>>> print(open('protein_29.txt').read())   # compact mmCIF, C-alpha atoms
# COMPACT_ATOMS: atom_id res chain seq x y z
CA MET A 284 85.95 119.87 71.68
CA PHE A 285 84.57 122.74 73.74
CA GLU A 286 86.39 123.86 76.88
CA LEU A 287 84.94 124.33 80.35
CA SER A 288 85.96 127.13 82.70
CA PHE A 289 87.87 126.20 85.85
CA ALA A 290 84.71 126.71 87.91
CA GLU A 291 82.69 124.52 85.53
CA GLU A 292 85.32 121.77 85.79
CA ASN A 293 85.16 121.92 89.58
CA TYR A 294 81.39 121.59 89.53
CA LEU A 295 81.47 118.73 87.04
CA LYS A 296 84.07 116.84 89.07
CA ALA A 297 81.98 117.28 92.23
CA ILE A 298 78.84 116.03 90.46
CA TYR A 299 80.73 113.01 89.13
CA HIS A 300 81.93 112.05 92.62
CA LEU A 301 78.56 112.68 94.26
CA SER A 302 76.79 110.62 91.61
CA ALA A 303 78.88 107.53 92.43
CA ASP A 304 80.67 107.77 89.07
CA GLY A 305 77.50 108.74 87.22
CA LYS A 306 75.26 106.00 88.60
CA ARG A 307 72.72 108.18 90.41
CA GLN A 308 71.12 111.61 90.43
CA VAL A 309 72.51 114.40 92.57
CA ASN A 310 70.44 117.12 94.22
CA THR A 311 71.58 120.73 94.19
CA ASN A 312 71.84 120.95 97.97
CA ALA A 313 74.42 118.15 97.99
CA ILE A 314 76.44 120.00 95.35
CA ALA A 315 76.22 123.25 97.34
CA GLU A 316 77.41 121.48 100.48
CA ARG A 317 80.26 119.77 98.65
CA LEU A 318 81.51 123.02 97.11
CA GLU A 319 80.64 125.19 100.12
CA THR A 320 78.51 127.57 98.12
CA ARG A 321 74.88 128.75 97.95
CA PRO A 322 72.15 126.65 96.29
CA ALA A 323 71.28 129.65 94.10
CA SER A 324 74.84 129.66 92.72
CA VAL A 325 74.57 125.93 92.03
CA SER A 326 71.34 126.44 90.09
CA ASP A 327 73.01 129.05 87.88
CA MET A 328 75.97 126.78 87.19
CA ILE A 329 73.77 123.75 86.46
CA ARG A 330 71.97 125.79 83.82
CA LYS A 331 75.31 126.61 82.15
CA LEU A 332 76.47 122.99 82.31
CA SER A 333 73.15 121.81 80.88
CA GLU A 334 73.54 124.18 77.94
CA LYS A 335 76.94 122.59 77.23
CA GLY A 336 75.48 119.09 77.35
CA VAL A 337 77.58 117.75 80.21
CA VAL A 338 74.66 117.37 82.65
CA THR A 339 70.89 117.10 82.49
CA TYR A 340 68.61 118.59 85.13
CA VAL A 341 64.99 117.93 85.99
CA LYS A 342 63.42 120.26 88.55
CA TYR A 343 62.68 118.58 91.90
CA GLN A 344 64.48 115.44 90.74
CA GLY A 345 68.14 116.32 90.39
CA VAL A 346 71.19 116.40 88.16
CA ASN A 347 72.49 113.58 85.97
CA ILE A 348 75.93 113.67 84.39
CA THR A 349 75.97 112.80 80.67
CA GLU A 350 78.50 110.56 78.89
CA VAL A 351 80.24 113.68 77.57
CA GLY A 352 80.25 115.05 81.11
CA LYS A 353 81.81 111.85 82.46
CA LYS A 354 84.64 112.07 79.95
CA LYS A 355 85.28 115.68 80.92
CA ALA A 356 85.19 114.87 84.66
CA LEU A 357 87.54 111.89 84.25
CA TRP A 358 89.99 114.06 82.31
CA VAL A 359 90.17 116.51 85.25
CA ILE A 360 90.46 113.64 87.76
CA ARG A 361 93.25 112.06 85.69
CA LYS A 362 95.27 115.28 85.75
CA HIS A 363 94.67 115.81 89.47
CA ARG A 364 95.83 112.34 90.47
CA LEU A 365 98.86 112.31 88.17
CA TRP A 366 100.00 115.61 89.63
CA GLU A 367 99.60 114.18 93.14
CA VAL A 368 101.90 111.29 92.18
CA PHE A 369 104.43 113.74 90.73
CA LEU A 370 104.38 115.97 93.81
CA VAL A 371 104.87 113.06 96.22
CA ASN A 372 107.26 110.86 94.23
CA LYS A 373 109.37 113.48 92.49
CA LEU A 374 109.17 116.64 94.63
CA ASN A 375 108.99 114.92 98.03
CA PHE A 376 105.76 116.51 99.15
CA HIS A 377 103.91 114.66 101.87
CA TRP A 378 100.62 112.96 100.98
CA ASP A 379 98.63 115.40 103.12
CA GLU A 380 100.11 118.43 101.30
CA VAL A 381 99.33 117.68 97.68
CA HIS A 382 95.55 117.95 97.28
CA ASP A 383 95.27 121.74 97.22
CA ILE A 384 98.23 122.09 94.84
CA ALA A 385 96.81 119.43 92.52
CA GLU A 386 93.49 121.32 92.58
CA GLN A 387 95.33 124.15 90.83
CA LEU A 388 97.36 121.98 88.44
CA GLU A 389 94.36 119.89 87.32
CA HIS A 390 93.12 122.77 85.14
CA ILE A 391 96.15 122.73 82.82
CA ARG A 392 94.82 122.25 79.27
CA SER A 393 97.73 120.58 77.48
CA SER A 394 96.99 116.92 76.73
CA LEU A 395 100.57 116.49 75.48
CA LEU A 396 101.95 117.64 78.83
CA ILE A 397 99.73 115.20 80.72
CA SER A 398 100.69 112.38 78.35
CA ARG A 399 104.39 113.13 78.92
CA LEU A 400 103.79 113.39 82.67
CA ASP A 401 102.11 109.97 82.68
CA GLU A 402 105.05 108.49 80.77
CA PHE A 403 107.60 110.20 83.05
CA LEU A 404 105.86 108.68 86.10
CA GLU A 405 105.87 105.24 84.40
CA PHE A 406 102.10 105.09 83.99
CA PRO A 407 100.94 104.86 87.62
CA LYS A 408 97.56 103.22 88.21
CA PHE A 409 96.90 104.73 91.66
CA ASP A 410 97.62 108.07 93.34
CA PRO A 411 99.38 108.44 96.74
CA HIS A 412 96.04 107.98 98.56
CA GLY A 413 95.24 104.76 96.70
CA ASP A 414 92.66 106.28 94.36
CA PRO A 415 92.70 104.90 90.78
CA ILE A 416 94.04 107.11 88.01
CA PRO A 417 92.01 107.14 84.78
CA ASN A 418 94.10 106.30 81.73
CA ALA A 419 94.00 108.35 78.54
CA GLU A 420 90.73 106.63 77.56
CA GLY A 421 89.14 107.35 80.96
CA ILE A 422 89.39 103.73 82.13
CA MET A 423 90.41 103.15 85.75
CA SER A 424 91.98 100.10 87.37
CA SER A 425 89.86 98.70 90.14
CA ASN A 426 90.47 96.69 93.27
CA PRO A 427 87.70 94.69 94.96
CA MET A 428 87.94 96.91 98.02
CA THR A 429 86.30 96.27 101.38
CA ILE A 430 85.84 98.59 104.35
CA LEU A 431 88.17 97.42 107.12
CA SER A 432 85.43 97.54 109.77
CA GLU A 433 83.53 94.83 107.88
CA LEU A 434 86.28 92.20 108.19
CA PRO A 435 86.05 89.40 110.76
CA ILE A 436 88.61 88.51 113.42
CA GLY A 437 91.57 86.64 111.96
CA LYS A 438 91.31 88.16 108.49
CA THR A 439 94.38 89.71 106.87
CA ALA A 440 94.15 92.54 104.34
CA GLU A 441 96.23 95.20 102.59
CA LEU A 442 95.45 98.89 102.98
CA VAL A 443 94.92 100.29 99.48
CA SER A 444 92.91 103.49 99.94
CA MET A 445 90.86 105.57 102.35
CA LYS A 446 87.55 107.38 102.20
CA ASP A 447 88.81 110.40 104.14
CA THR A 448 91.82 112.00 102.45
CA GLY A 449 91.78 115.18 104.53
CA ALA A 450 95.02 116.37 106.14
CA VAL A 451 93.79 115.67 109.70
CA PHE A 452 93.06 112.01 108.98
CA LEU A 453 96.25 111.54 106.96
CA ASN A 454 98.27 113.01 109.82
CA TYR A 455 96.57 110.56 112.17
CA LEU A 456 97.57 107.66 109.92
CA ASP A 457 101.15 108.91 109.87
CA ARG A 458 101.26 108.92 113.67
CA THR A 459 99.96 105.35 113.83
CA GLY A 460 102.27 104.10 111.08
CA LEU A 461 99.40 103.07 108.78
CA LYS A 462 100.10 103.70 105.09
CA ILE A 463 99.16 102.47 101.64
CA GLY A 464 100.48 98.92 101.37
CA SER A 465 100.33 98.16 105.10
CA LYS A 466 99.33 94.58 105.88
CA ILE A 467 96.63 94.52 108.57
CA ASN A 468 95.53 91.51 110.59
CA ILE A 469 92.30 91.73 112.60
CA VAL A 470 93.24 90.55 116.10
CA ASP A 471 90.02 91.44 117.94
CA LYS A 472 86.79 93.45 117.59
CA MET A 473 84.95 95.11 120.47
CA GLU A 474 81.21 94.47 120.38
CA PHE A 475 80.55 97.52 122.57
CA ASP A 476 81.79 100.25 120.22
CA GLY A 477 83.07 98.48 117.11
CA SER A 478 86.69 99.37 117.81
CA MET A 479 89.38 96.99 116.60
CA GLU A 480 92.69 95.61 117.75
CA ILE A 481 94.90 95.15 114.72
CA MET A 482 98.44 94.03 113.94
CA VAL A 483 100.22 96.10 111.30
CA ASP A 484 102.93 94.57 109.08
CA GLN A 485 103.42 91.74 111.56
CA ASP A 486 105.26 94.28 113.65
CA LYS A 487 103.05 96.20 116.07
CA THR A 488 99.61 95.92 117.56
CA MET A 489 97.30 98.90 118.03
CA SER A 490 93.68 99.76 118.72
CA ILE A 491 91.66 101.85 116.28
CA SER A 492 88.15 103.25 116.57
CA LYS A 493 85.27 102.28 114.31
CA GLN A 494 85.42 105.79 112.83
CA VAL A 495 88.95 105.02 111.68
CA SER A 496 88.22 101.50 110.39
CA ASP A 497 85.16 102.81 108.52
CA ASN A 498 87.49 105.08 106.56
CA LEU A 499 90.10 102.46 105.59
CA LEU A 500 89.67 100.54 102.33
CA VAL A 501 91.45 97.21 101.98
CA ILE A 502 91.77 94.21 99.71
CA THR A 503 91.73 90.83 101.41
CA GLU A 504 94.27 88.08 100.95
>>> encode(input="protein_29.txt", output="structure tokens")
Amino acid sequence: MFELSFAEENYLKAIYHLSADGKRQVNTNAIAERLETRPASVSDMIRKLSEKGVVTYVKYQGVNITEVGKKKALWVIRKHRLWEVFLVNKLNFHWDEVHDIAEQLEHIRSSLLISRLDEFLEFPKFDPHGDPIPNAEGIMSSNPMTILSELPIGKTAELVSMKDTGAVFLNYLDRTGLKIGSKINIVDKMEFDGSMEIMVDQDKTMSISKQVSDNLLVITE
């Protein structure tokens, strides 16, 4: 099977995420914003990706990722998330330190190495941020996740992932004690600004803003 350059892999991964896992078209401006580059550069790359059959592009409509493109994108995502697990669980990196390193490691070509890495890590289904890890066939485990802000008073849920995985937000979660696996009970909701009072792990009560609760993904009990 043909290989993509590192830059092409980065573009394809961005398109996959922006397309909601291939379910919708993506415009070039969204890709440029995501990758912090110029729209003209995006247009050049889309032409190259189209020639390789991993995306299709219709002028004034947008970019669609093909089935071949999805497989390629999921392969890169699989490597990225496995390396994040390795860095956190085996090398004691913190969860806010691993993304940039995994961005470099995700371009390793060896499928045997990634297979051995998966086995060494005992076949994890989720990365340290709660994102699902594609298996060797590109299939991901899924949780019926809900945004915390949508839960009613009295509901209990488990924190399984977050929309924002940037270092600033992860550092904020560390300071509050919120982490993957935390049990959260909705104590109260403020009608004025949507902020919440929550109890975490039946241990401590805290207030969080709607901006925070909008970024926390949970499964309900």
>>> atom_distance(input="protein_29.txt", atom1="atom CA of A:Ala313", atom2="atom CA of A:Ala419")
29.3 Å
>>> closest_residue(input="protein_29.txt", among="A:Leu431, A:Val359, A:Ile348, A:Leu287", to="A:Lys331", atoms="all atoms listed in the file")
A:Leu287
>>> atom_distance(input="protein_29.txt", atom1="atom CA of A:Glu316", atom2="atom CA of A:Val368")
27.8 Å
>>> atom_distance(input="protein_29.txt", atom1="atom CA of A:Tyr294", atom2="atom CA of A:Ile430")
27.7 Å
>>> residues_around(input="protein_29.txt", residues="A:Ser465", least_positions_apart="4", cutoff="9 Å", atoms="all atoms listed in the file", output="PyMOL selection string")
chain A and resi 440-443+460-461+483-484
>>> closest_residue(input="protein_29.txt", among="A:Gly464, A:Pro411, A:Gly421, A:Pro322", to="A:Trp366", atoms="all atoms listed in the file")
A:Pro411
>>> residues_around(input="protein_29.txt", residues="A:Trp358", least_positions_apart="4", cutoff="9 Å", atoms="all atoms listed in the file", output="JSON, numbers by chain")
{"A": [353, 354, 362, 363, 389, 417, 418, 419, 420, 421]}
>>> closest_residue(input="protein_29.txt", among="A:Ile467, A:Leu365, A:Met328, A:Leu295", to="A:Asp486", atoms="all atoms listed in the file")
A:Ile467
>>> residues_near_point(input="protein_29.txt", point="(70.0, 120.8, 98.7)", cutoff="10 Å", atoms="all atoms listed in the file", output="JSON, numbers by chain")
{"A": [309, 310, 311, 312, 313, 314, 315, 316, 321, 322, 325, 345]}
>>> closest_residue(input="protein_29.txt", among="A:Val341, A:Phe285, A:Ala356, A:Phe369", to="A:Glu405", atoms="all atoms listed in the file")
A:Phe369
>>> residues_around(input="protein_29.txt", residues="stretch 333-336 of chain A", least_positions_apart="2", cutoff="10 Å", atoms="only C-alpha atoms", output="ChimeraX atom specification")
/A:285-287,328-331,338-340,346-352
>>> closest_residue(input="protein_29.txt", among="A:Lys487, A:Lys373, A:His382, A:Lys408", to="A:Ser424", atoms="only C-alpha atoms")
A:Lys408
>>> closest_residue(input="protein_29.txt", among="A:Leu404, A:Ile436, A:Met428, A:Ile502", to="A:Val470", atoms="only C-alpha atoms")
A:Ile436
>>> residues_around(input="protein_29.txt", residues="A:Ala450", least_positions_apart="2", cutoff="8 Å", atoms="all atoms listed in the file", output="number ranges by chain")
A: 379-380, 448, 452-454
>>> closest_atom_pairs(input="protein_29.txt", of="stretch 360-413 of chain A", to="stretch 289-293 of chain A", cutoff="12 Å", atoms="all atoms listed in the file", output="JSON lines")
{"residue": "A:Ile360", "atom": "CA", "partner": "A:Glu292", "partner_atom": "CA", "distance": 9.8}
{"residue": "A:Lys362", "atom": "CA", "partner": "A:Glu292", "partner_atom": "CA", "distance": 11.9}
{"residue": "A:His363", "atom": "CA", "partner": "A:Asn293", "partner_atom": "CA", "distance": 11.3}
{"residue": "A:Glu386", "atom": "CA", "partner": "A:Asn293", "partner_atom": "CA", "distance": 8.9}
{"residue": "A:Gln387", "atom": "CA", "partner": "A:Phe289", "partner_atom": "CA", "distance": 9.2}
{"residue": "A:Leu388", "atom": "CA", "partner": "A:Phe289", "partner_atom": "CA", "distance": 10.7}
{"residue": "A:Glu389", "atom": "CA", "partner": "A:Phe289", "partner_atom": "CA", "distance": 9.2}
{"residue": "A:His390", "atom": "CA", "partner": "A:Phe289", "partner_atom": "CA", "distance": 6.3}
{"residue": "A:Ile391", "atom": "CA", "partner": "A:Phe289", "partner_atom": "CA", "distance": 9.5}
{"residue": "A:Arg392", "atom": "CA", "partner": "A:Phe289", "partner_atom": "CA", "distance": 10.4}
>>> residues_around(input="protein_29.txt", residues="A:Asp410", least_positions_apart="4", cutoff="8 Å", atoms="all atoms listed in the file", output="PyMOL selection string")
chain A and resi 364-365+367-368+414-416
>>> build_atoms(input="protein_29.txt", residues="stretch 444-474 of chain A", atoms="N, CA and C atoms", output="compact mmCIF listing (two decimals), keeping the file's coordinate frame")
# COMPACT_ATOMS: atom_id res chain seq x y z
N SER A 444 93.47 102.15 100.12
CA SER A 444 92.91 103.49 99.94
C SER A 444 92.18 103.89 101.21
N MET A 445 91.65 105.11 101.21
CA MET A 445 90.86 105.57 102.35
C MET A 445 89.77 106.50 101.86
N LYS A 446 88.65 106.49 102.56
CA LYS A 446 87.55 107.38 102.20
C LYS A 446 87.89 108.83 102.52
N ASP A 447 88.47 109.05 103.69
CA ASP A 447 88.81 110.40 104.14
C ASP A 447 90.26 110.68 103.75
N THR A 448 90.46 111.65 102.84
CA THR A 448 91.82 112.00 102.45
C THR A 448 92.19 113.40 102.93
N GLY A 449 91.47 113.88 103.94
CA GLY A 449 91.78 115.18 104.53
C GLY A 449 93.08 115.13 105.31
N ALA A 450 93.71 116.30 105.48
CA ALA A 450 95.02 116.37 106.14
C ALA A 450 94.97 115.85 107.57
N VAL A 451 93.87 116.10 108.30
CA VAL A 451 93.79 115.67 109.70
C VAL A 451 93.85 114.15 109.80
N PHE A 452 93.07 113.47 108.94
CA PHE A 452 93.06 112.01 108.98
C PHE A 452 94.39 111.44 108.50
N LEU A 453 94.97 112.02 107.45
CA LEU A 453 96.25 111.54 106.96
C LEU A 453 97.35 111.71 108.00
N ASN A 454 97.30 112.81 108.73
CA ASN A 454 98.27 113.01 109.82
C ASN A 454 98.09 111.96 110.90
N TYR A 455 96.83 111.62 111.20
CA TYR A 455 96.57 110.56 112.17
C TYR A 455 97.19 109.25 111.71
N LEU A 456 97.00 108.90 110.44
CA LEU A 456 97.57 107.66 109.92
C LEU A 456 99.10 107.67 110.02
N ASP A 457 99.70 108.80 109.74
CA ASP A 457 101.15 108.91 109.87
C ASP A 457 101.61 108.59 111.30
N ARG A 458 100.88 109.11 112.27
CA ARG A 458 101.26 108.92 113.67
C ARG A 458 101.10 107.47 114.11
N THR A 459 100.16 106.75 113.48
CA THR A 459 99.96 105.35 113.83
C THR A 459 100.87 104.43 113.03
N GLY A 460 101.42 104.94 111.93
CA GLY A 460 102.27 104.10 111.08
C GLY A 460 101.50 103.41 109.96
N LEU A 461 100.20 103.67 109.86
CA LEU A 461 99.40 103.07 108.78
C LEU A 461 99.64 103.82 107.48
N LYS A 462 99.84 103.09 106.39
CA LYS A 462 100.10 103.70 105.09
C LYS A 462 99.61 102.78 103.99
N ILE A 463 99.53 103.30 102.77
CA ILE A 463 99.16 102.47 101.64
C ILE A 463 100.15 101.32 101.54
N GLY A 464 99.63 100.11 101.44
CA GLY A 464 100.48 98.92 101.37
C GLY A 464 100.64 98.21 102.69
N SER A 465 100.22 98.82 103.80
CA SER A 465 100.33 98.16 105.10
C SER A 465 99.49 96.88 105.12
N LYS A 466 100.07 95.82 105.68
CA LYS A 466 99.33 94.58 105.88
C LYS A 466 98.69 94.63 107.27
N ILE A 467 97.39 94.40 107.32
CA ILE A 467 96.63 94.52 108.57
C ILE A 467 95.97 93.19 108.90
N ASN A 468 96.20 92.71 110.10
CA ASN A 468 95.53 91.51 110.59
C ASN A 468 94.56 91.89 111.70
N ILE A 469 93.31 91.41 111.60
CA ILE A 469 92.30 91.73 112.60
C ILE A 469 92.49 90.80 113.80
N VAL A 470 92.97 91.34 114.90
CA VAL A 470 93.24 90.55 116.10
C VAL A 470 91.98 90.39 116.95
N ASP A 471 91.22 91.49 117.11
CA ASP A 471 90.02 91.44 117.94
C ASP A 471 89.09 92.58 117.55
N LYS A 472 87.78 92.41 117.82
CA LYS A 472 86.79 93.45 117.59
C LYS A 472 85.94 93.59 118.84
N MET A 473 85.72 94.84 119.26
CA MET A 473 84.95 95.11 120.47
C MET A 473 83.47 95.27 120.12
N GLU A 474 82.64 94.41 120.66
CA GLU A 474 81.21 94.47 120.38
C GLU A 474 80.59 95.77 120.88
